[in-house]
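One file, input_24.tsv, carrying TSV, C-alpha atoms:
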```
chain	number	residue	atom	x	y	z
W	1	MET	CA	139.59	75.36	149.79
W	2	ILE	CA	141.91	78.41	149.64
W	3	ARG	CA	141.30	81.76	151.31
W	4	PHE	CA	143.49	84.88	151.56
W	5	SER	CA	142.35	87.57	154.01
W	6	GLN	CA	144.06	90.98	153.79
W	7	VAL	CA	147.36	89.35	152.83
W	8	ALA	CA	150.43	91.55	152.33
W	9	LYS	CA	153.95	90.51	151.37
W	10	GLY	CA	157.07	92.42	150.48
W	11	PHE	CA	160.83	92.07	150.35
W	12	GLY	CA	162.87	94.80	151.99
W	13	HIS	CA	161.21	98.08	151.17
W	14	THR	CA	159.48	96.70	148.09
W	15	PRO	CA	155.83	95.69	148.63
W	16	LEU	CA	154.62	93.00	146.22
W	17	LEU	CA	151.17	92.12	147.54
W	18	GLU	CA	148.88	94.48	149.43
W	19	GLN	CA	145.56	93.61	151.07
W	20	VAL	CA	144.86	90.61	148.85
W	21	ASP	CA	141.53	88.91	149.47
W	22	LEU	CA	140.62	85.81	147.50
W	23	HIS	CA	138.49	82.70	147.85
W	24	VAL	CA	138.94	79.55	145.78
W	25	PRO	CA	136.05	77.13	146.41
W	26	LYS	CA	136.61	73.40	146.64
W	27	GLY	CA	136.58	71.76	143.22
W	28	ALA	CA	136.91	75.09	141.38
W	29	ARG	CA	139.07	75.93	138.37
W	30	TRP	CA	140.54	79.31	139.35
W	31	GLY	CA	142.75	81.13	136.88
W	32	LEU	CA	145.24	83.90	137.65
W	33	ILE	CA	146.55	86.41	135.14
W	34	GLY	CA	148.58	89.60	135.32
W	35	PRO	CA	151.60	91.39	133.87
W	36	GLY	CA	155.12	90.17	134.54
W	37	ALA	CA	156.51	90.96	138.00
W	38	SER	CA	153.02	91.55	139.37
W	39	GLY	CA	153.45	89.04	142.20
W	40	LYS	CA	151.82	85.92	140.77
W	41	THR	CA	154.68	83.59	141.71
W	42	VAL	CA	154.86	85.09	145.20
W	43	LEU	CA	151.14	84.46	145.61
W	44	LEU	CA	151.63	80.80	144.62
W	45	LYS	CA	154.49	80.40	147.11
W	46	LEU	CA	152.32	81.87	149.85
W	47	MET	CA	149.56	79.46	148.88
W	48	CYS	CA	151.93	76.51	149.34
W	49	GLY	CA	153.37	77.79	152.61
W	50	LEU	CA	156.79	78.31	151.03
W	51	LEU	CA	156.59	81.98	152.07
W	52	ARG	CA	154.81	83.51	155.03
W	53	PRO	CA	152.81	86.73	154.69
W	54	ASP	CA	153.89	89.93	156.42
W	55	ARG	CA	150.27	90.57	157.34
W	56	GLY	CA	146.95	88.81	156.92
W	57	GLU	CA	145.89	85.19	157.08
W	58	ILE	CA	145.98	82.33	154.58
W	59	THR	CA	143.86	79.22	155.02
W	60	VAL	CA	144.35	76.17	152.79
W	61	ALA	CA	142.15	73.08	153.15
W	62	GLY	CA	140.99	74.36	156.52
W	63	VAL	CA	144.56	74.88	157.80
W	64	ALA	CA	145.63	78.36	158.95
W	65	LEU	CA	149.18	78.48	157.57
W	66	SER	CA	150.53	81.07	160.02
W	67	LYS	CA	149.86	78.72	162.93
W	68	GLN	CA	151.70	75.72	161.48
W	69	ARG	CA	155.21	74.51	162.21
W	70	GLU	CA	157.43	73.60	159.26
W	71	ASP	CA	156.79	69.87	159.69
W	72	GLU	CA	153.05	70.55	159.69
W	73	LEU	CA	153.39	72.61	156.53
W	74	MET	CA	155.22	69.72	154.90
W	75	ALA	CA	152.20	67.51	155.59
W	76	LEU	CA	149.95	70.09	153.94
W	77	ARG	CA	152.22	70.33	150.90
W	78	MET	CA	151.74	66.61	150.38
W	79	ARG	CA	148.14	67.50	149.53
W	80	ILE	CA	149.27	69.89	146.77
W	81	GLY	CA	150.50	68.99	143.29
W	82	MET	CA	152.54	71.45	141.23
W	83	LEU	CA	153.32	71.86	137.55
W	84	PHE	CA	156.26	74.24	137.34
W	85	GLN	CA	156.61	76.82	134.60
W	86	ASN	CA	159.98	75.51	133.40
W	87	TYR	CA	158.96	71.82	133.75
W	88	ALA	CA	161.44	71.28	136.66
W	89	LEU	CA	162.04	67.70	135.53
W	90	PHE	CA	165.14	66.02	136.88
W	91	ASP	CA	167.30	65.57	133.79
W	92	PHE	CA	169.27	62.71	135.38
W	93	MET	CA	166.05	60.72	135.95
W	94	THR	CA	163.95	58.85	133.44
W	95	VAL	CA	160.41	59.96	132.71
W	96	GLY	CA	159.08	57.14	134.86
W	97	ASP	CA	161.26	58.09	137.82
W	98	ASN	CA	160.26	61.74	137.47
W	99	VAL	CA	156.57	60.91	137.57
W	100	ALA	CA	157.07	58.57	140.53
W	101	VAL	CA	158.69	61.22	142.75
W	102	PRO	CA	155.51	62.25	144.67
W	103	LEU	CA	154.67	58.61	145.45
W	104	VAL	CA	158.23	57.78	146.50
W	105	ARG	CA	158.35	60.81	148.79
W	106	ARG	CA	155.14	59.75	150.51
W	107	GLY	CA	156.45	56.23	151.05
W	108	GLY	CA	154.53	53.16	152.07
W	109	ARG	CA	153.93	51.77	148.57
W	110	PRO	CA	155.65	48.75	147.02
W	111	ASP	CA	157.70	49.31	143.89
W	112	ALA	CA	155.30	47.25	141.78
W	113	GLU	CA	152.37	49.50	142.71
W	114	ILE	CA	154.35	52.65	141.96
W	115	LYS	CA	155.42	51.27	138.59
W	116	ASP	CA	151.83	50.39	137.72
W	117	ARG	CA	150.50	53.82	138.73
W	118	VAL	CA	153.24	55.58	136.73
W	119	ALA	CA	152.36	53.53	133.65
W	120	ARG	CA	148.65	54.32	134.00
W	121	ARG	CA	149.32	58.03	134.54
W	122	LEU	CA	151.58	58.27	131.49
W	123	ARG	CA	148.98	56.44	129.43
W	124	ALA	CA	146.36	58.95	130.59
W	125	VAL	CA	148.47	61.89	129.33
W	126	GLY	CA	149.22	60.23	126.00
W	127	LEU	CA	152.78	59.12	126.77
W	128	ALA	CA	152.35	55.36	127.17
W	129	GLY	CA	155.66	53.52	126.99
W	130	SER	CA	157.79	56.60	127.72
W	131	GLU	CA	158.96	55.46	131.15
W	132	HIS	CA	162.56	54.81	130.09
W	133	LYS	CA	163.11	58.00	128.12
W	134	PHE	CA	164.95	60.99	129.53
W	135	PRO	CA	163.62	64.59	129.50
W	136	SER	CA	166.22	65.57	126.89
W	137	GLU	CA	164.49	63.24	124.43
W	138	LEU	CA	161.12	64.99	124.77
W	139	SER	CA	159.52	67.98	123.07
W	140	GLY	CA	158.21	70.92	125.09
W	141	GLY	CA	154.64	69.65	124.90
W	142	MET	CA	155.71	66.19	126.02
W	143	LYS	CA	157.59	67.65	128.98
W	144	LYS	CA	154.43	69.52	130.00
W	145	ARG	CA	152.52	66.23	129.89
W	146	VAL	CA	155.13	64.56	132.09
W	147	GLY	CA	154.83	67.47	134.52
W	148	ILE	CA	151.04	67.09	134.57
W	149	ALA	CA	151.39	63.37	135.22
W	150	ARG	CA	153.78	64.03	138.11
W	151	ALA	CA	151.59	66.79	139.59
W	152	SER	CA	148.49	64.59	139.58
W	153	ILE	CA	149.76	61.05	140.23
W	154	ALA	CA	149.17	61.20	143.98
W	155	GLN	CA	145.65	62.61	143.41
W	156	PRO	CA	146.25	65.69	145.57
W	157	ASP	CA	143.43	67.87	146.85
W	158	ILE	CA	144.90	70.93	145.11
W	159	VAL	CA	146.84	71.14	141.85
W	160	ILE	CA	148.68	74.30	140.81
W	161	TYR	CA	149.60	74.76	137.16
W	162	ASP	CA	152.13	77.54	136.57
W	163	GLU	CA	152.08	78.50	132.87
W	164	PRO	CA	150.89	75.08	131.64
W	165	THR	CA	151.01	76.09	127.97
W	166	ALA	CA	153.89	78.58	127.81
W	167	GLY	CA	155.78	78.28	124.52
W	168	LEU	CA	153.37	75.77	123.01
W	169	ASP	CA	151.56	76.06	119.69
W	170	PRO	CA	147.76	76.64	119.64
W	171	VAL	CA	146.89	73.01	118.87
W	172	THR	CA	149.08	71.64	121.66
W	173	THR	CA	147.68	74.33	123.98
W	174	SER	CA	144.13	73.12	123.31
W	175	LYS	CA	145.17	69.52	123.93
W	176	ILE	CA	146.85	70.44	127.22
W	177	TYR	CA	143.76	72.24	128.51
W	178	ASP	CA	141.55	69.33	127.43
W	179	LEU	CA	143.89	67.10	129.42
W	180	LEU	CA	143.67	69.35	132.49
W	181	LYS	CA	139.88	69.23	132.31
W	182	ALA	CA	139.92	65.46	132.09
W	183	GLU	CA	142.30	65.25	135.04
W	184	GLN	CA	140.03	67.34	137.23
W	185	ASP	CA	136.90	65.49	136.12
W	186	GLU	CA	138.57	62.27	137.26
W	187	THR	CA	139.83	63.46	140.67
W	188	GLY	CA	137.56	66.37	141.65
W	189	CYS	CA	140.60	68.36	142.78
W	190	THR	CA	140.76	72.13	143.17
W	191	VAL	CA	142.83	73.77	140.42
W	192	VAL	CA	144.78	77.03	140.41
W	193	ALA	CA	146.18	77.86	136.97
W	194	VAL	CA	148.48	80.79	136.18
W	195	SER	CA	148.93	81.71	132.54
W	196	SER	CA	149.87	84.57	130.22
W	197	ASP	CA	147.63	83.05	127.53
W	198	VAL	CA	144.51	84.94	128.55
W	199	ASP	CA	142.17	83.61	125.87
W	200	ALA	CA	143.04	79.95	126.49
W	201	LEU	CA	142.78	80.36	130.26
W	202	ARG	CA	139.41	82.11	129.95
W	203	GLY	CA	138.14	79.06	128.10
W	204	TYR	CA	139.39	76.72	130.82
W	205	ALA	CA	138.86	78.45	134.16
W	206	GLY	CA	135.46	78.98	135.68
W	207	ARG	CA	136.73	81.93	137.71
W	208	LEU	CA	139.47	84.35	136.76
W	209	ALA	CA	141.49	86.86	138.78
W	210	MET	CA	143.94	89.53	137.65
W	211	LEU	CA	146.82	90.70	139.83
W	212	TYR	CA	148.30	94.13	139.18
W	213	LYS	CA	150.41	96.37	141.42
W	214	GLY	CA	149.97	94.06	144.38
W	215	ARG	CA	146.18	93.91	144.32
W	216	LEU	CA	143.53	91.79	142.68
W	217	ARG	CA	141.94	94.09	140.13
W	218	TYR	CA	139.39	91.46	139.13
W	219	ASP	CA	138.15	88.25	140.74
W	220	GLY	CA	134.99	86.79	139.28
W	221	GLU	CA	133.44	84.76	136.51
W	222	ALA	CA	135.87	84.20	133.65
W	223	ALA	CA	133.13	84.85	131.10
W	224	GLU	CA	132.47	88.32	132.56
W	225	ILE	CA	136.01	89.72	132.77
W	226	ALA	CA	135.54	91.53	129.46
W	227	LEU	CA	132.82	93.60	131.16
W	228	SER	CA	135.23	94.95	133.80
W	229	ASN	CA	135.37	98.73	134.12
W	230	ASP	CA	138.98	98.61	135.33
W	231	PRO	CA	141.19	100.11	132.56
W	232	ALA	CA	144.15	97.89	133.51
W	233	VAL	CA	142.01	94.75	133.24
W	234	ARG	CA	140.56	95.82	129.90
W	235	GLN	CA	143.98	96.62	128.46
W	236	PHE	CA	145.49	93.33	129.61
W	237	ILE	CA	142.78	91.09	128.21
W	238	THR	CA	142.59	92.95	124.89
W	239	GLY	CA	146.34	93.38	124.47
W	240	ALA	CA	145.97	97.10	123.68
W	241	SER	CA	149.22	99.07	123.47
W	242	GLU	CA	147.79	102.13	125.21
W	243	GLY	CA	146.58	102.17	128.79
W	244	PRO	CA	147.86	102.10	132.37
W	245	LEU	CA	150.02	98.99	131.92
```

This structure in structure tokens:
Amino acid sequence: MIRFSQVAKGFGHTPLLEQVDLHVPKGARWGLIGPGASGKTVLLKLMCGLLRPDRGEITVAGVALSKQREDELMALRMRIGMLFQNYALFDFMTVGDNVAVPLVRRGGRPDAEIKDRVARRLRAVGLAGSEHKFPSELSGGMKKRVGIARASIAQPDIVIYDEPTAGLDPVTTSKIYDLLKAEQDETGCTVVAVSSDVDALRGYAGRLAMLYKGRLRYDGEAAEIALSNDPAVRQFITGASEGPL
């Protein structure tokens, strides 16, 4: 579903990604970890066609991004759902209107159908009856659930979750990941999840990759990352104070 081949990206004289190769199979749960400022957000923007690589090729859902015009990239982005790290909910919109945004943007659906789908999606994430509330009335965990509902309401082929449990307590974190599993079981979508919560992400993702100094230092089975011989990988997943990080 997603393939990077020798991808490099930098800004000015500062390289952020160098010779990145990755393959996310269709229907996979692929997790990405790494220290702050390691290039994870840049990688996500490249994946969505929001940035273009300096070198290399990116293919998403069979589409070579470098060969697409902006209007063609917009069509591809319609096949991608996104949960943003800071929720990115419109504070002037109700919860219902926030969740409806992807359907409204696509057009072609009557208001009654959109309203029904929003209600069903909110019910699925445990927020039934919250359509008329505003984001300021919600807790952090509730905002995450609204973001998940918005990212998945159009049943996109790919869903990207950027820090889906940041700032949440352990119980809420477990509930969020259970919800993400249920969402994927229902739609069969391909999931890319970025998180600083290594242990929780290891329990969710089937495959795990670690980005450090512009390169993927690990990309394999999540259950086997603890066996990595890379000192940076070992330090990051154990949280040790001494090491190359």

Contacts of Pro25 (chain W) at 9 Å or less, counting all atoms listed in the file, minus same-chain residues fewer than 3 places along, as a count of residues only?
-> 7

Residue neighbourhood Arg121 (chain W), 9 Å, all atoms listed in the file, exclusion window fewer than 3 positions, as an NGL selection string | :W and (99 or 116-118 or 124-128 or 149-150 or 152-153)

Give as a list in words the set of residues within 8 Å of the point (164.9, 63.9, 128.0), where distances use the file's coordinates and all atoms listed in the file.
-> Asp91, Thr94, Val95, Lys133, Phe134, Pro135, Ser136, Glu137 and Leu138 of chain W

Would you save the residues of that selection, restricted to C-alpha atoms, as a short mmCIF file (atom, residue, chain, number, x, y, z; two decimals), keeping the file's coordinate frame?
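Once written, result_14.cif looks like this:
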```
data_model
loop_
_atom_site.label_atom_id
_atom_site.label_comp_id
_atom_site.auth_asym_id
_atom_site.auth_seq_id
_atom_site.Cartn_x
_atom_site.Cartn_y
_atom_site.Cartn_z
CA ASP W 91 167.30 65.57 133.79
CA THR W 94 163.95 58.85 133.44
CA VAL W 95 160.41 59.96 132.71
CA LYS W 133 163.11 58.00 128.12
CA PHE W 134 164.95 60.99 129.53
CA PRO W 135 163.62 64.59 129.50
CA SER W 136 166.22 65.57 126.89
CA GLU W 137 164.49 63.24 124.43
CA LEU W 138 161.12 64.99 124.77
#
```

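One finds CA of Lys9 (chain W) at 22.9 Å from CA of Val191 (chain W).
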
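Each of W:Gln235, W:Gln184, W:Ser66, W:Ser174 was compared to Cys48 (chain W) using all atoms listed in the file, and W:Ser66 turns out to be the nearest.
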
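Taking CA of Leu208 (chain W) and CA of Phe4 (chain W) as the two end points, the separation is 15.3 Å.
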
Skip Thr238 (chain W) itself and residues of its chain fewer than 4 positions away, then list as a ChimeraX atom specification all residues within 10 Å of it, counting all atoms listed in the file.
-> /W:198-199,226,233-234

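One finds CA of Leu179 (chain W) at 24.7 Å from CA of His23 (chain W).
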
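Nearest to Gly27 (chain W) of all the residues W:Asp178, W:Glu57, W:Glu113, W:Glu183 is W:Glu183, counting only C-alpha atoms.
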
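Among the candidates W:Arg202, W:Lys40, W:Arg105, W:Arg120, the residue lying nearest to Gly220 (chain W) is W:Arg202 (atoms considered: all atoms listed in the file).
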
For the point (155.0, 86.4, 144.1) in the file's frame, write as an NGL selection string all residues with an atom no more than 12 Å away, counting all atoms listed in the file.
-> :W and (7-11 or 14-18 or 20 or 32 or 34-48 or 50-53 or 162 or 194 or 211-215)

Can you report as lines of an AutoDock Vina configuration file the centre and edge lengths in Å, to one decimal, of an axis-aligned box around the listed atoms of region 107-115 of chain W padded with 6 Å on each side?
```
center_x = 155.0
center_y = 51.7
center_z = 145.3
size_x = 17.3
size_y = 21.0
size_z = 25.5
```

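With only C-alpha atoms as the atoms that count, the residue of W:Ile80, W:Ala112, W:Ala222, W:Leu65 with the shortest distance to Val159 (chain W) is W:Ile80.
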
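With distances restricted to only C-alpha atoms, W:Leu168 is the closest residue to Gly140 (chain W) from W:Leu122, W:Ala205, W:Leu168, W:Ile160.
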
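If you measure from each of W:Leu201, W:Leu89, W:Ala209, W:Ile114 to Pro164 (chain W) using all atoms listed in the file, the closest one turns out to be W:Leu201.
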
Some atoms are absent from region 66-77 of chain W, so rebuild all heavy atoms and return them as an mmCIF file, in the coordinates of the input.
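Once everything was written out, this is selection19.cif:
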```cif
data_model
loop_
_atom_site.group_PDB
_atom_site.id
_atom_site.type_symbol
_atom_site.label_atom_id
_atom_site.label_comp_id
_atom_site.auth_asym_id
_atom_site.auth_seq_id
_atom_site.Cartn_x
_atom_site.Cartn_y
_atom_site.Cartn_z
ATOM 1 N N SER W 66 149.670 80.331 159.094
ATOM 2 C CA SER W 66 150.530 81.070 160.020
ATOM 3 C C SER W 66 150.695 80.353 161.353
ATOM 4 O O SER W 66 151.630 80.646 162.106
ATOM 5 C CB SER W 66 149.966 82.472 160.269
ATOM 6 O OG SER W 66 148.692 82.392 160.895
ATOM 7 N N LYS W 67 149.823 79.412 161.638
ATOM 8 C CA LYS W 67 149.860 78.720 162.930
ATOM 9 C C LYS W 67 150.574 77.367 162.851
ATOM 10 O O LYS W 67 150.615 76.629 163.833
ATOM 11 C CB LYS W 67 148.441 78.521 163.450
ATOM 12 C CG LYS W 67 147.684 79.824 163.672
ATOM 13 C CD LYS W 67 146.253 79.565 164.120
ATOM 14 C CE LYS W 67 145.507 80.883 164.308
ATOM 15 N NZ LYS W 67 144.091 80.666 164.714
ATOM 16 N N GLN W 68 151.107 77.049 161.686
ATOM 17 C CA GLN W 68 151.700 75.720 161.480
ATOM 18 C C GLN W 68 153.222 75.750 161.600
ATOM 19 O O GLN W 68 153.870 76.685 161.141
ATOM 20 C CB GLN W 68 151.323 75.179 160.099
ATOM 21 C CG GLN W 68 149.830 75.143 159.829
ATOM 22 C CD GLN W 68 149.076 74.332 160.843
ATOM 23 O OE1 GLN W 68 149.346 73.147 161.024
ATOM 24 N NE2 GLN W 68 148.111 74.951 161.505
ATOM 25 N N ARG W 69 153.773 74.705 162.218
ATOM 26 C CA ARG W 69 155.210 74.510 162.210
ATOM 27 C C ARG W 69 155.638 74.002 160.832
ATOM 28 O O ARG W 69 154.811 73.592 160.019
ATOM 29 C CB ARG W 69 155.630 73.496 163.272
ATOM 30 C CG ARG W 69 155.224 73.849 164.697
ATOM 31 C CD ARG W 69 155.852 72.858 165.670
ATOM 32 N NE ARG W 69 155.567 71.475 165.272
ATOM 33 C CZ ARG W 69 154.524 70.779 165.691
ATOM 34 N NH1 ARG W 69 153.636 71.334 166.500
ATOM 35 N NH2 ARG W 69 154.356 69.522 165.303
ATOM 36 N N GLU W 70 156.939 74.009 160.569
ATOM 37 C CA GLU W 70 157.430 73.600 159.260
ATOM 38 C C GLU W 70 157.064 72.153 158.949
ATOM 39 O O GLU W 70 156.707 71.834 157.815
ATOM 40 C CB GLU W 70 158.948 73.788 159.181
ATOM 41 C CG GLU W 70 159.553 73.435 157.826
ATOM 42 C CD GLU W 70 159.001 74.254 156.673
ATOM 43 O OE1 GLU W 70 158.565 75.401 156.910
ATOM 44 O OE2 GLU W 70 158.980 73.733 155.542
ATOM 45 N N ASP W 71 157.139 71.263 159.958
ATOM 46 C CA ASP W 71 156.790 69.870 159.690
ATOM 47 C C ASP W 71 155.305 69.723 159.387
ATOM 48 O O ASP W 71 154.904 68.865 158.593
ATOM 49 C CB ASP W 71 157.184 68.983 160.871
ATOM 50 C CG ASP W 71 156.498 69.387 162.164
ATOM 51 O OD1 ASP W 71 156.257 70.591 162.364
ATOM 52 O OD2 ASP W 71 156.197 68.496 162.980
ATOM 53 N N GLU W 72 154.478 70.576 159.987
ATOM 54 C CA GLU W 72 153.050 70.550 159.690
ATOM 55 C C GLU W 72 152.761 71.095 158.295
ATOM 56 O O GLU W 72 151.867 70.611 157.595
ATOM 57 C CB GLU W 72 152.285 71.343 160.751
ATOM 58 C CG GLU W 72 152.348 70.722 162.134
ATOM 59 C CD GLU W 72 151.773 71.611 163.218
ATOM 60 O OE1 GLU W 72 151.978 72.847 163.150
ATOM 61 O OE2 GLU W 72 151.128 71.076 164.134
ATOM 62 N N LEU W 73 153.537 72.093 157.883
ATOM 63 C CA LEU W 73 153.390 72.610 156.530
ATOM 64 C C LEU W 73 153.807 71.569 155.495
ATOM 65 O O LEU W 73 153.212 71.479 154.415
ATOM 66 C CB LEU W 73 154.238 73.882 156.355
ATOM 67 C CG LEU W 73 153.719 75.138 157.058
ATOM 68 C CD1 LEU W 73 154.732 76.264 156.925
ATOM 69 C CD2 LEU W 73 152.370 75.557 156.489
ATOM 70 N N MET W 74 154.812 70.778 155.816
ATOM 71 C CA MET W 74 155.220 69.720 154.900
ATOM 72 C C MET W 74 154.086 68.725 154.679
ATOM 73 O O MET W 74 153.863 68.257 153.560
ATOM 74 C CB MET W 74 156.451 68.982 155.459
ATOM 75 C CG MET W 74 157.748 69.757 155.333
ATOM 76 S SD MET W 74 158.201 70.076 153.609
ATOM 77 C CE MET W 74 158.487 68.401 153.043
ATOM 78 N N ALA W 75 153.346 68.418 155.725
ATOM 79 C CA ALA W 75 152.200 67.510 155.590
ATOM 80 C C ALA W 75 151.139 68.118 154.685
ATOM 81 O O ALA W 75 150.524 67.419 153.865
ATOM 82 C CB ALA W 75 151.625 67.199 156.969
ATOM 83 N N LEU W 76 150.926 69.428 154.804
ATOM 84 C CA LEU W 76 149.950 70.090 153.940
ATOM 85 C C LEU W 76 150.415 70.076 152.484
ATOM 86 O O LEU W 76 149.621 69.860 151.565
ATOM 87 C CB LEU W 76 149.738 71.532 154.395
ATOM 88 C CG LEU W 76 148.817 72.380 153.504
ATOM 89 C CD1 LEU W 76 147.398 71.834 153.521
ATOM 90 C CD2 LEU W 76 148.833 73.845 153.936
ATOM 91 N N ARG W 77 151.710 70.299 152.270
ATOM 92 C CA ARG W 77 152.220 70.330 150.900
ATOM 93 C C ARG W 77 152.061 68.989 150.204
ATOM 94 O O ARG W 77 152.013 68.917 148.972
ATOM 95 C CB ARG W 77 153.693 70.756 150.898
ATOM 96 C CG ARG W 77 153.900 72.204 151.327
ATOM 97 C CD ARG W 77 155.367 72.578 151.317
ATOM 98 N NE ARG W 77 155.582 73.832 152.040
ATOM 99 C CZ ARG W 77 156.470 74.007 153.004
ATOM 100 N NH1 ARG W 77 157.257 72.991 153.368
ATOM 101 N NH2 ARG W 77 156.589 75.160 153.613
#
```
